[in-house]
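Participant: The file below is run_21.cif, mmCIF, C-alpha atoms and all ligand atoms:
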```
data_query
#
loop_
_atom_site.label_atom_id
_atom_site.label_comp_id
_atom_site.auth_asym_id
_atom_site.auth_seq_id
_atom_site.Cartn_x
_atom_site.Cartn_y
_atom_site.Cartn_z
CA MET A 1 30.95 19.15 -94.84
CA SER A 2 30.16 21.44 -97.79
CA SER A 3 29.89 25.12 -96.84
CA SER A 4 26.46 25.31 -98.45
CA PHE A 5 23.90 22.63 -99.28
CA GLN A 6 20.37 22.25 -100.58
CA ALA A 7 17.16 21.85 -98.58
CA LEU A 8 13.44 22.14 -99.23
CA PHE A 9 12.13 25.22 -97.46
CA VAL A 10 8.55 25.97 -96.45
CA ASP A 11 7.89 29.64 -95.70
CA ASN A 12 4.60 31.14 -94.55
CA THR A 13 5.39 34.76 -95.43
CA GLU A 14 2.87 35.76 -98.13
CA PRO A 15 2.70 34.08 -100.56
CA PHE A 16 3.20 30.70 -98.79
CA SER A 17 6.07 28.95 -100.60
CA VAL A 18 7.67 25.49 -100.86
CA ALA A 19 11.02 25.65 -102.69
CA VAL A 20 14.60 24.34 -102.69
CA LYS A 21 17.09 26.81 -101.17
CA SER A 22 20.75 26.87 -100.09
CA LEU A 23 21.55 26.54 -96.38
CA SER A 24 24.80 26.58 -94.43
CA GLN A 25 25.72 24.59 -91.32
CA GLY A 26 24.96 27.62 -89.14
CA ASP A 27 21.31 27.42 -90.24
CA LEU A 28 20.86 23.94 -88.78
CA PRO A 29 19.21 23.54 -85.36
CA ALA A 30 21.07 22.33 -82.25
CA GLY A 31 21.98 18.67 -81.79
CA GLU A 32 24.94 16.38 -81.18
CA VAL A 33 24.91 14.46 -84.46
CA VAL A 34 25.34 15.85 -87.99
CA ILE A 35 24.10 13.46 -90.67
CA LYS A 36 24.72 13.55 -94.43
CA VAL A 37 21.24 12.60 -95.56
CA ALA A 38 20.98 9.95 -98.29
CA TYR A 39 17.22 9.32 -98.42
CA SER A 40 14.00 10.63 -96.95
CA SER A 41 10.39 9.82 -97.80
CA VAL A 42 6.92 11.32 -98.20
CA ASN A 43 4.37 10.72 -95.47
CA TYR A 44 0.85 12.13 -95.09
CA LYS A 45 2.19 14.34 -92.26
CA ASP A 46 4.85 15.77 -94.62
CA GLY A 47 2.06 16.71 -97.01
CA LEU A 48 0.31 18.56 -94.17
CA ALA A 49 3.62 20.25 -93.22
CA SER A 50 3.81 21.82 -96.67
CA ILE A 51 0.41 23.52 -96.77
CA PRO A 52 -0.63 26.75 -94.98
CA ASP A 53 -3.34 25.22 -92.73
CA GLY A 54 -1.73 21.83 -92.08
CA ASN A 55 -1.24 22.47 -88.32
CA ILE A 56 1.98 20.43 -88.24
CA VAL A 57 4.88 22.90 -88.38
CA LYS A 58 5.57 24.84 -85.18
CA SER A 59 7.39 27.87 -86.71
CA TYR A 60 8.52 29.11 -90.12
CA PRO A 61 10.63 29.19 -92.24
CA PHE A 62 11.07 25.44 -91.93
CA VAL A 63 12.59 22.31 -93.50
CA PRO A 64 10.05 19.44 -93.40
CA GLY A 65 10.68 15.68 -93.67
CA ILE A 66 9.78 13.41 -90.71
CA ASP A 67 12.19 10.68 -91.88
CA LEU A 68 15.82 10.43 -92.90
CA SER A 69 18.56 7.89 -93.43
CA GLY A 70 22.19 8.74 -93.99
CA VAL A 71 25.74 8.59 -92.71
CA VAL A 72 27.12 10.32 -89.61
CA GLU A 73 29.23 13.32 -90.65
CA SER A 74 30.25 14.25 -87.10
CA SER A 75 29.11 13.39 -83.58
CA GLU A 76 29.62 14.94 -80.17
CA ASP A 77 28.04 11.82 -78.65
CA GLU A 78 30.25 8.76 -78.23
CA ARG A 79 27.47 6.36 -79.30
CA PHE A 80 27.96 7.49 -82.93
CA VAL A 81 31.05 7.75 -85.15
CA LYS A 82 31.76 9.42 -88.47
CA GLY A 83 30.77 7.18 -91.38
CA GLN A 84 28.17 5.18 -89.41
CA PRO A 85 24.88 4.49 -91.26
CA VAL A 86 21.88 5.67 -89.24
CA LEU A 87 18.20 6.61 -89.50
CA VAL A 88 15.91 9.04 -87.71
CA THR A 89 12.10 9.07 -87.62
CA GLY A 90 9.64 10.90 -85.41
CA TYR A 91 10.37 13.00 -82.29
CA GLY A 92 10.48 16.64 -83.46
CA LEU A 93 12.00 15.83 -86.86
CA GLY A 94 10.16 17.68 -89.61
CA VAL A 95 7.70 19.15 -87.07
CA SER A 96 9.59 21.38 -84.61
CA HIS A 97 13.16 20.63 -85.75
CA PHE A 98 14.49 20.91 -89.35
CA GLY A 99 13.78 17.58 -91.05
CA GLY A 100 15.03 15.16 -93.65
CA TYR A 101 14.45 17.20 -96.83
CA SER A 102 17.98 18.57 -96.55
CA GLU A 103 21.40 17.34 -97.65
CA TYR A 104 22.58 17.69 -94.05
CA ALA A 105 20.65 17.42 -90.78
CA ARG A 106 21.71 18.04 -87.18
CA VAL A 107 19.71 16.16 -84.55
CA PRO A 108 19.84 15.18 -80.85
CA ALA A 109 21.79 11.92 -80.39
CA ASP A 110 18.84 10.32 -78.54
CA TRP A 111 16.80 10.43 -81.78
CA VAL A 112 19.36 8.50 -83.82
CA VAL A 113 18.88 4.78 -84.56
CA PRO A 114 21.86 2.77 -85.89
CA LEU A 115 20.85 1.25 -89.24
CA PRO A 116 20.07 -2.41 -88.44
CA ASP A 117 22.06 -5.14 -90.24
CA GLY A 118 19.95 -6.39 -93.13
CA LEU A 119 18.65 -2.97 -94.22
CA SER A 120 20.20 -0.52 -96.69
CA LEU A 121 19.82 3.25 -96.32
CA LYS A 122 17.36 3.11 -99.21
CA GLU A 123 15.31 0.25 -97.71
CA ALA A 124 15.10 2.10 -94.38
CA MET A 125 13.33 4.94 -96.19
CA ILE A 126 11.13 2.69 -98.32
CA TYR A 127 9.77 1.84 -94.89
CA GLY A 128 10.17 5.28 -93.25
CA THR A 129 7.67 6.33 -90.59
CA ALA A 130 4.89 4.57 -92.50
CA GLY A 131 6.67 1.21 -92.40
CA PHE A 132 7.72 1.72 -88.78
CA THR A 133 4.10 2.47 -87.85
CA ALA A 134 2.90 -0.64 -89.66
CA ALA A 135 5.54 -2.72 -87.86
CA MET A 136 4.63 -1.19 -84.48
CA SER A 137 1.00 -2.09 -85.23
CA ILE A 138 1.93 -5.73 -85.94
CA GLN A 139 4.07 -5.86 -82.79
CA ALA A 140 1.12 -4.56 -80.74
CA LEU A 141 -1.31 -7.04 -82.32
CA GLU A 142 1.07 -9.95 -81.66
CA ASP A 143 1.70 -8.77 -78.08
CA ASN A 144 -2.08 -9.15 -77.70
CA GLY A 145 -2.36 -12.64 -79.15
CA ALA A 146 -2.44 -12.27 -82.95
CA ALA A 147 -0.76 -15.13 -84.81
CA PRO A 148 -0.75 -16.38 -88.41
CA ASP A 149 -2.93 -19.41 -87.57
CA GLN A 150 -5.66 -17.39 -85.79
CA GLY A 151 -7.57 -16.14 -88.85
CA LYS A 152 -7.67 -13.24 -91.27
CA VAL A 153 -6.18 -9.80 -90.59
CA LEU A 154 -7.76 -6.69 -92.12
CA VAL A 155 -5.56 -3.79 -93.28
CA THR A 156 -7.32 -0.51 -94.12
CA GLY A 157 -5.99 2.27 -96.36
CA ALA A 158 -4.08 -0.55 -98.01
CA SER A 159 -3.00 1.46 -101.07
CA GLY A 160 -1.34 4.04 -98.81
CA GLY A 161 2.04 3.97 -97.05
CA VAL A 162 1.17 2.48 -93.65
CA GLY A 163 -1.41 0.14 -95.19
CA GLY A 164 0.83 -1.15 -97.98
CA ALA A 165 3.71 -1.80 -95.60
CA ALA A 166 1.38 -3.65 -93.24
CA VAL A 167 0.01 -5.83 -96.06
CA ALA A 168 3.52 -6.76 -97.24
CA MET A 169 4.91 -7.44 -93.73
CA LEU A 170 1.90 -9.45 -92.51
CA ALA A 171 1.80 -11.55 -95.69
CA GLY A 172 5.54 -12.23 -95.37
CA ARG A 173 4.94 -13.43 -91.79
CA GLY A 174 2.36 -15.92 -93.08
CA TYR A 175 -0.85 -14.08 -92.16
CA GLN A 176 -3.92 -14.25 -94.39
CA VAL A 177 -4.32 -10.56 -95.24
CA VAL A 178 -7.54 -8.84 -96.30
CA ALA A 179 -6.66 -5.49 -97.92
CA GLY A 180 -9.36 -2.83 -97.52
CA THR A 181 -9.16 0.04 -99.98
CA GLY A 182 -11.08 2.83 -101.65
CA ARG A 183 -9.10 1.99 -104.79
CA THR A 184 -10.06 -1.53 -105.85
CA SER A 185 -8.37 -0.61 -109.16
CA GLU A 186 -5.16 -1.30 -107.18
CA SER A 187 -6.16 -4.95 -106.53
CA GLU A 188 -3.35 -6.36 -108.67
CA TYR A 189 -0.75 -4.28 -106.78
CA LEU A 190 -2.21 -5.31 -103.40
CA LYS A 191 -2.16 -8.99 -104.37
CA ARG A 192 1.47 -8.55 -105.47
CA LEU A 193 2.22 -7.24 -101.98
CA GLY A 194 0.69 -10.44 -100.61
CA ALA A 195 -3.01 -9.71 -99.95
CA ALA A 196 -5.10 -12.87 -100.09
CA GLU A 197 -8.27 -10.82 -100.61
CA VAL A 198 -9.04 -7.21 -101.61
CA ILE A 199 -12.26 -5.60 -100.41
CA SER A 200 -13.67 -2.12 -100.96
CA ARG A 201 -14.16 0.47 -98.21
CA SER A 202 -17.94 0.14 -98.63
CA GLU A 203 -17.74 -3.59 -97.77
CA ILE A 204 -16.14 -2.65 -94.45
CA TYR A 205 -18.39 0.31 -93.71
CA ASP A 206 -21.45 1.30 -95.71
CA PRO A 207 -22.64 4.77 -94.55
CA GLU A 208 -26.11 4.04 -95.99
CA ALA A 209 -26.61 0.81 -94.02
CA LYS A 210 -27.77 0.47 -90.41
CA GLN A 211 -24.70 -0.14 -88.19
CA ARG A 212 -24.84 -3.12 -85.84
CA PRO A 213 -22.81 -2.77 -82.63
CA LEU A 214 -21.99 -6.49 -82.85
CA ASP A 215 -21.72 -7.92 -86.34
CA LYS A 216 -20.42 -11.13 -87.91
CA GLN A 217 -16.89 -11.85 -86.60
CA LEU A 218 -14.75 -11.62 -89.74
CA TRP A 219 -11.18 -10.83 -88.72
CA GLN A 220 -8.87 -11.83 -85.84
CA ALA A 221 -7.25 -8.38 -85.97
CA ALA A 222 -6.90 -5.17 -87.98
CA VAL A 223 -4.21 -2.61 -88.81
CA ASP A 224 -6.11 0.66 -89.19
CA PRO A 225 -4.45 3.90 -90.37
CA VAL A 226 -7.87 5.30 -91.42
CA GLY A 227 -9.98 5.67 -88.24
CA GLY A 228 -13.36 7.46 -88.41
CA SER A 229 -16.72 5.72 -88.79
CA GLN A 230 -15.03 2.80 -90.54
CA LEU A 231 -13.18 2.00 -87.31
CA ALA A 232 -16.47 1.66 -85.44
CA ALA A 233 -17.65 -0.80 -88.10
CA ILE A 234 -14.39 -2.76 -87.85
CA LEU A 235 -14.68 -3.09 -84.06
CA SER A 236 -18.10 -4.70 -84.49
CA LYS A 237 -16.60 -7.33 -86.85
CA ILE A 238 -13.47 -8.34 -84.91
CA ALA A 239 -13.39 -11.90 -83.55
CA TYR A 240 -13.61 -12.71 -79.84
CA ARG A 241 -10.53 -11.31 -77.96
CA GLY A 242 -9.14 -9.88 -81.19
CA SER A 243 -7.46 -6.48 -81.55
CA VAL A 244 -7.37 -3.38 -83.73
CA ALA A 245 -4.19 -1.27 -83.92
CA VAL A 246 -5.24 2.27 -84.84
CA SER A 247 -2.62 4.72 -86.10
CA GLY A 248 -4.28 7.25 -88.39
CA LEU A 249 -7.13 9.55 -89.22
CA THR A 250 -7.42 9.80 -93.01
CA GLY A 251 -11.06 8.70 -92.62
CA GLY A 252 -11.78 11.15 -89.77
CA THR A 253 -11.19 11.57 -86.06
CA LYS A 254 -14.68 10.77 -84.72
CA VAL A 255 -15.37 7.10 -83.98
CA PRO A 256 -19.09 6.46 -83.34
CA ALA A 257 -18.58 3.13 -81.55
CA THR A 258 -20.38 1.39 -78.68
CA VAL A 259 -18.75 -0.39 -75.73
CA LEU A 260 -20.27 -3.73 -76.76
CA PRO A 261 -17.30 -5.19 -78.73
CA PHE A 262 -15.06 -4.41 -75.73
CA ILE A 263 -17.28 -5.77 -72.96
CA LEU A 264 -18.96 -8.69 -74.73
CA ARG A 265 -16.15 -9.87 -77.01
CA GLY A 266 -13.06 -8.66 -75.12
CA VAL A 267 -11.88 -6.75 -78.19
CA ASN A 268 -8.77 -4.58 -77.73
CA LEU A 269 -8.33 -1.15 -79.31
CA LEU A 270 -4.57 -0.50 -79.41
CA GLY A 271 -3.25 3.03 -80.00
CA ILE A 272 -0.10 3.32 -82.09
CA ASP A 273 2.21 6.33 -81.79
CA SER A 274 5.46 6.19 -83.75
CA VAL A 275 6.63 9.69 -82.77
CA LEU A 276 7.57 9.27 -79.11
CA CYS A 277 7.90 5.47 -79.19
CA PRO A 278 10.40 4.57 -76.41
CA ALA A 279 13.96 3.79 -77.57
CA ASP A 280 13.98 0.10 -76.54
CA LEU A 281 10.76 -0.67 -78.44
CA ARG A 282 11.96 1.50 -81.36
CA LEU A 283 15.17 -0.56 -81.68
CA LYS A 284 13.34 -3.86 -81.31
CA VAL A 285 10.81 -2.96 -84.02
CA TRP A 286 13.52 -1.75 -86.47
CA GLU A 287 15.40 -5.02 -85.87
CA ARG A 288 12.23 -6.93 -86.77
CA MET A 289 11.79 -4.78 -89.91
CA ALA A 290 15.27 -5.89 -90.98
CA GLY A 291 14.48 -9.49 -90.01
CA ASP A 292 11.27 -11.49 -89.73
CA LEU A 293 9.00 -8.64 -90.88
CA LYS A 294 11.05 -7.76 -93.99
CA PRO A 295 9.00 -8.56 -97.10
CA ALA A 296 10.69 -10.52 -99.89
CA ASP A 297 10.03 -7.64 -102.29
CA LEU A 298 10.22 -4.41 -100.29
CA GLU A 299 10.78 -2.40 -103.51
CA ALA A 300 7.24 -3.32 -104.62
CA LEU A 301 6.03 -0.65 -102.15
CA VAL A 302 7.80 2.15 -104.05
CA ASP A 303 5.48 4.35 -106.07
CA ARG A 304 8.32 6.58 -107.29
CA GLU A 305 11.64 8.09 -106.31
CA VAL A 306 11.87 11.89 -106.38
CA THR A 307 14.58 14.53 -105.92
CA LEU A 308 14.27 17.59 -103.66
CA ASP A 309 13.20 19.58 -106.74
CA GLU A 310 10.39 17.11 -107.49
CA LEU A 311 9.17 16.98 -103.89
CA PRO A 312 6.52 19.76 -103.92
CA GLN A 313 4.42 17.79 -106.43
CA ALA A 314 4.76 14.55 -104.41
CA LEU A 315 3.76 16.38 -101.20
CA ALA A 316 0.65 17.74 -102.90
CA ASP A 317 -0.12 14.29 -104.33
CA ILE A 318 -0.12 12.43 -100.98
CA LEU A 319 -2.82 14.74 -99.60
CA LYS A 320 -5.05 13.80 -102.56
CA SER A 321 -4.31 10.04 -102.30
CA ASN A 322 -2.50 10.35 -105.63
CA THR A 323 0.36 8.22 -104.34
CA ARG A 324 0.42 4.45 -103.96
CA GLY A 325 2.56 2.80 -101.30
CA ARG A 326 5.67 4.88 -100.64
CA VAL A 327 7.36 7.84 -102.31
CA LEU A 328 11.11 7.76 -101.74
CA VAL A 329 13.19 10.95 -101.72
CA LYS A 330 16.79 10.71 -102.99
CA VAL A 331 18.38 13.58 -101.11
CA SER A 332 22.10 13.20 -101.94
P1 LIG B 401 -1.17 7.69 -97.22
O1 LIG B 401 -1.79 8.89 -97.81
O2 LIG B 401 -0.02 7.04 -97.91
O3 LIG B 401 -2.28 6.57 -97.01
C1 LIG B 401 -3.55 6.88 -96.49
C2 LIG B 401 -4.59 5.99 -97.15
O4 LIG B 401 -5.81 6.16 -96.45
C3 LIG B 401 -4.90 6.36 -98.57
O5 LIG B 401 -3.97 5.83 -99.48
C4 LIG B 401 -6.26 5.73 -98.72
O6 LIG B 401 -6.09 4.33 -98.96
C5 LIG B 401 -6.88 5.89 -97.35
N1 LIG B 401 -7.80 7.04 -97.30
C6 LIG B 401 -7.58 8.30 -97.72
N2 LIG B 401 -8.66 9.07 -97.53
C7 LIG B 401 -9.60 8.27 -96.98
C8 LIG B 401 -10.95 8.48 -96.57
N3 LIG B 401 -11.55 9.66 -96.69
N4 LIG B 401 -11.62 7.44 -96.04
C9 LIG B 401 -11.02 6.22 -95.91
N5 LIG B 401 -9.75 5.96 -96.31
C10 LIG B 401 -9.06 6.99 -96.83
O7 LIG B 401 -0.77 8.10 -95.74
P2 LIG B 401 0.16 7.32 -94.68
O8 LIG B 401 0.05 5.87 -94.93
O9 LIG B 401 1.49 7.99 -94.64
O10 LIG B 401 -0.57 7.70 -93.32
C11 LIG B 401 -1.86 7.16 -93.06
C12 LIG B 401 -2.40 7.73 -91.75
O11 LIG B 401 -1.61 7.27 -90.67
C13 LIG B 401 -2.41 9.26 -91.67
O12 LIG B 401 -3.55 9.68 -90.96
C14 LIG B 401 -1.16 9.55 -90.87
O13 LIG B 401 -1.24 10.80 -90.24
C15 LIG B 401 -1.18 8.39 -89.91
N6 LIG B 401 0.13 8.05 -89.36
C16 LIG B 401 0.22 7.96 -88.01
C17 LIG B 401 1.39 7.61 -87.42
C18 LIG B 401 1.44 7.40 -85.94
O14 LIG B 401 2.53 7.41 -85.36
N7 LIG B 401 0.30 7.20 -85.31
C19 LIG B 401 2.63 7.46 -88.20
C20 LIG B 401 2.41 7.48 -89.65
C21 LIG B 401 1.18 7.80 -90.19
P3 LIG B 401 -6.98 3.52 -100.01
O15 LIG B 401 -6.97 4.34 -101.26
O16 LIG B 401 -6.31 2.22 -100.15
O17 LIG B 401 -8.34 3.44 -99.39
#
```
Could you spell out this file's structure in structure tokens?
Ligand code: NDP
Facilitator:
Amino acid sequence: MSSSFQALFVDNTEPFSVAVKSLSQGDLPAGEVVIKVAYSSVNYKDGLASIPDGNIVKSYPFVPGIDLSGVVESSEDERFVKGQPVLVTGYGLGVSHFGGYSEYARVPADWVVPLPDGLSLKEAMIYGTAGFTAAMSIQALEDNGAAPDQGKVLVTGASGGVGGAAVAMLAGRGYQVVAGTGRTSESEYLKRLGAAEVISRSEIYDPEAKQRPLDKQLWQAAVDPVGGSQLAAILSKIAYRGSVAVSGLTGGTKVPATVLPFILRGVNLLGIDSVLCPADLRLKVWERMAGDLKPADLEALVDREVTLDELPQALADILKSNTRGRVLVKVS
């Protein structure tokens, strides 16, 4: 391992700064596995981790990055050996424990996932937490009865990371996907990912219109990383015994819904948390992402690939929805 290496540092001493700095192994937090990081990615949460009032980072100075893929440099845990390709997402990574925006990372062995056969280190980070969350959402919908022959599936925030991954994976599985977006200018991209139909946010939820607690049943299921008032509108339009997998809050945290879709149509609202997802489900979902959920053209999700030096701009961009699909970080 090199005596010093590069990492992106966020520091809240005035003025708040986000910059690449040199670290040494002694700066890394405790853990059994040292990983030479190949790739990381940019998620909405990483954007929040790099601003002063983002309420994500527990203490400063800090290295963000909630995702990483790379090769084991050393391991004190017998489950992992030097040279083994692995990935880490969630847990405390990039939140309370130095994250993936670093040429080396040291993490607890229980967080480490062996890279599944059928995925490269780069592909694992094209997915990253966003792709994992989309796959967990599909798993939850299917566990509750969703199937390709049961009707259309709505995906909200479709131009974003979770949304784009969900569109591509569902379409690859043979679902008829309706992509909901605030950026209908991205229709061509969304159709390339596999969307059968692209609809605007205002078609899903029109703040000016009177909301009906039970509306026309349009979709068998929905993958929703947006939340907010739009989620209430979606629940009123889900088919009998259908489900919504909710993972995000870009549209707000308050959901002004009624109980009627649940008690009169048996609709399921399924919460998706990728952070503390149990290890057995985590492994199963990553296996599916390397198998039946892997889109034919995973690279189509990549907006751009950036270096550590180019990261601050990409982190600012994701908070303004100035990214499309996934931003990949080539770390070393
Ligand atoms: P992105 O920024 O890549 O995508 C978010 C998308 O949401 C945007 O591209 C946009 O899509 C849509 N959007 C943005 N603002 C609004 C708004 N005001 N109203 C409605 N839609 C809006 O982020 P990610 O895909 O990385 O994350 C999406 C959400 O999922 C975040 O809230 C994130 O915190 C959450 N998340 C949760 C996880 C979990 O474990 N539960 C894991 C990963 C992410 P468009 O332009 O197409 O409308």
Participant: For A:Ser229, find every residue with an atom within 10 Å (counting only C-alpha atoms), except residues of its own chain fewer than 3 positions away, and show them as a list of chain:residue names.
Facilitator: A:Tyr205, A:Asp206, A:Pro207, A:Gln211, A:Val226, A:Ala232, A:Ala233, A:Ile234, A:Gly251, A:Gly252, A:Thr253, A:Lys254, A:Val255, A:Pro256, A:Ala257
Participant: Using all atoms listed in the file, find each residue in chain A having at least one atom no more than 7 Å away from ligand LIG 401 (chain B); report its shortest atom-to-atom pair and that distance in Å (one decimal), rows by chain then rising number, as JSON lines.
Facilitator:
```
{"residue": "A:Asn43", "atom": "CA", "partner": "B:LIG401", "partner_atom": "O9", "distance": 4.1}
{"residue": "A:Tyr44", "atom": "CA", "partner": "B:LIG401", "partner_atom": "O9", "distance": 4.2}
{"residue": "A:Lys45", "atom": "CA", "partner": "B:LIG401", "partner_atom": "O13", "distance": 5.3}
{"residue": "A:Thr129", "atom": "CA", "partner": "B:LIG401", "partner_atom": "C20", "distance": 5.5}
{"residue": "A:Ala130", "atom": "CA", "partner": "B:LIG401", "partner_atom": "C20", "distance": 4.8}
{"residue": "A:Thr133", "atom": "CA", "partner": "B:LIG401", "partner_atom": "C19", "distance": 5.2}
{"residue": "A:Thr156", "atom": "CA", "partner": "B:LIG401", "partner_atom": "O17", "distance": 6.7}
{"residue": "A:Gly157", "atom": "CA", "partner": "B:LIG401", "partner_atom": "O6", "distance": 3.3}
{"residue": "A:Ala158", "atom": "CA", "partner": "B:LIG401", "partner_atom": "O16", "distance": 4.2}
{"residue": "A:Ser159", "atom": "CA", "partner": "B:LIG401", "partner_atom": "O16", "distance": 3.5}
{"residue": "A:Gly160", "atom": "CA", "partner": "B:LIG401", "partner_atom": "O3", "distance": 3.2}
{"residue": "A:Gly161", "atom": "CA", "partner": "B:LIG401", "partner_atom": "O8", "distance": 3.5}
{"residue": "A:Val162", "atom": "CA", "partner": "B:LIG401", "partner_atom": "O8", "distance": 3.8}
{"residue": "A:Gly163", "atom": "CA", "partner": "B:LIG401", "partner_atom": "O8", "distance": 5.9}
{"residue": "A:Gly180", "atom": "CA", "partner": "B:LIG401", "partner_atom": "O16", "distance": 6.5}
{"residue": "A:Thr181", "atom": "CA", "partner": "B:LIG401", "partner_atom": "O17", "distance": 3.5}
{"residue": "A:Gly182", "atom": "CA", "partner": "B:LIG401", "partner_atom": "O17", "distance": 3.6}
{"residue": "A:Arg183", "atom": "CA", "partner": "B:LIG401", "partner_atom": "O15", "distance": 4.7}
{"residue": "A:Arg201", "atom": "CA", "partner": "B:LIG401", "partner_atom": "O17", "distance": 6.6}
{"residue": "A:Pro225", "atom": "CA", "partner": "B:LIG401", "partner_atom": "O11", "distance": 4.4}
{"residue": "A:Val226", "atom": "CA", "partner": "B:LIG401", "partner_atom": "N5", "distance": 5.3}
{"residue": "A:Ser247", "atom": "CA", "partner": "B:LIG401", "partner_atom": "N7", "distance": 3.9}
{"residue": "A:Gly248", "atom": "CA", "partner": "B:LIG401", "partner_atom": "O11", "distance": 3.5}
{"residue": "A:Leu249", "atom": "CA", "partner": "B:LIG401", "partner_atom": "O12", "distance": 4.0}
{"residue": "A:Thr250", "atom": "CA", "partner": "B:LIG401", "partner_atom": "O12", "distance": 4.4}
{"residue": "A:Gly251", "atom": "CA", "partner": "B:LIG401", "partner_atom": "N4", "distance": 3.7}
{"residue": "A:Ile272", "atom": "CA", "partner": "B:LIG401", "partner_atom": "N7", "distance": 5.1}
{"residue": "A:Asp273", "atom": "CA", "partner": "B:LIG401", "partner_atom": "O14", "distance": 3.7}
{"residue": "A:Ser274", "atom": "CA", "partner": "B:LIG401", "partner_atom": "O14", "distance": 3.6}
{"residue": "A:Val275", "atom": "CA", "partner": "B:LIG401", "partner_atom": "O14", "distance": 5.4}
{"residue": "A:Ile318", "atom": "CA", "partner": "B:LIG401", "partner_atom": "O1", "distance": 5.0}
{"residue": "A:Leu319", "atom": "CA", "partner": "B:LIG401", "partner_atom": "O1", "distance": 6.2}
{"residue": "A:Ser321", "atom": "CA", "partner": "B:LIG401", "partner_atom": "O5", "distance": 5.1}
{"residue": "A:Thr323", "atom": "CA", "partner": "B:LIG401", "partner_atom": "O2", "distance": 6.5}
{"residue": "A:Arg324", "atom": "CA", "partner": "B:LIG401", "partner_atom": "O5", "distance": 6.4}
{"residue": "A:Gly325", "atom": "CA", "partner": "B:LIG401", "partner_atom": "O2", "distance": 6.0}
{"residue": "A:Arg326", "atom": "CA", "partner": "B:LIG401", "partner_atom": "O2", "distance": 6.7}
```
Participant: I'd like the contact shell of A:Arg282 - 12 Å cut-off, all atoms listed in the file, skipping same-chain residues fewer than 2 positions apart - returned as a PyMOL selection string.
Facilitator: chain A and resi 87-91+110-116+129+132-133+135-136+139+273-280+284-289
Participant: Ranking A:Gly266, A:Phe80, A:Val72, A:Glu188 by minimum distance to A:Asn144 and counting only C-alpha atoms, which one comes first?
Facilitator: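 Among A:Gly266, A:Phe80, A:Val72, A:Glu188, it is A:Gly266 that comes nearest to A:Asn144.
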Participant: Measuring between only C-alpha atoms, which one of A:Leu264, A:Ile204, A:Ala296, A:Ala134 shows the shortest distance to A:Gly172?
Facilitator: A:Ala296
Participant: Kindly indicate which residue among A:Ala166, A:Leu23, A:Ile66, A:Ala105 lies nearest to A:Asp46, using all atoms listed in the file for the distances.
Facilitator: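 Closest to A:Asp46 of all the choices is A:Ile66.
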Participant: What are the closest atom pairs, with distances in Å to one decimal, for all residues of stretch 67-155 of chain A lying within 12 Å of stretch 214-218 of chain A? Consider only C-alpha atoms, order rows by chain and residue number, and present the result as a tab-separated table.
Facilitator:
```
residue	atom	partner	partner_atom	distance
A:Gln150	CA	A:Leu218	CA	11.5
A:Gly151	CA	A:Leu218	CA	8.5
A:Lys152	CA	A:Leu218	CA	7.4
A:Val153	CA	A:Leu218	CA	8.8
A:Leu154	CA	A:Leu218	CA	8.9
```
Participant: Restricting the calculation to all atoms listed in the file, which member of A:Leu48, A:Leu293, A:Leu270, A:Val246 is positioned closest to A:Val167?
Facilitator: A:Leu293
Participant: Looking at all atoms listed in the file, which of A:Tyr39, A:Tyr127, A:Tyr104, A:Tyr240 is the one that sits closest to A:Ser74?
Facilitator: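 The shortest atom-to-atom distance to A:Ser74 comes from A:Tyr104.
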Participant: Pick out the closest residue to A:Ser137 from this set: A:Ala49, A:Ala245, A:Val267, A:Ala165. Count all atoms listed in the file.
Facilitator: A:Ala245
Participant: So that I can check the surroundings of A:Gly83, please list as a PDB file with C-alpha atoms, keeping the file's coordinate frame every protein, DNA and RNA residue that reaches within 10 Å of it, counting all atoms listed in the file and ignoring chain neighbours fewer than 5 positions away.
Facilitator:
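This went into result19.pdb:
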```pdb
ATOM      1  CA  ILE A  35      24.100  13.460 -90.670  1.00  0.00           C
ATOM      2  CA  LYS A  36      24.720  13.550 -94.430  1.00  0.00           C
ATOM      3  CA  GLY A  70      22.190   8.740 -93.990  1.00  0.00           C
ATOM      4  CA  VAL A  71      25.740   8.590 -92.710  1.00  0.00           C
ATOM      5  CA  VAL A  72      27.120  10.320 -89.610  1.00  0.00           C
ATOM      6  CA  GLU A  73      29.230  13.320 -90.650  1.00  0.00           C
ATOM      7  CA  SER A  74      30.250  14.250 -87.100  1.00  0.00           C
TER       8      SER A  74
END
```
Participant: Just give me the gap between atom CA of A:Ala290 and atom CA of A:Tyr101 in Å, one decimal is fine.
Facilitator: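 So the answer is 23.8 Å.
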Participant: Tell me which protein, DNA and RNA residues are within 12 Å of A:Gln6, counting all atoms listed in the file, leaving out same-chain ones fewer than 3 positions away, and put them as an NGL selection string.
Facilitator: :A and (2-3 or 9 or 19-25 or 27-28 or 36-37 or 63 or 100-105 or 307-309 or 331-332)
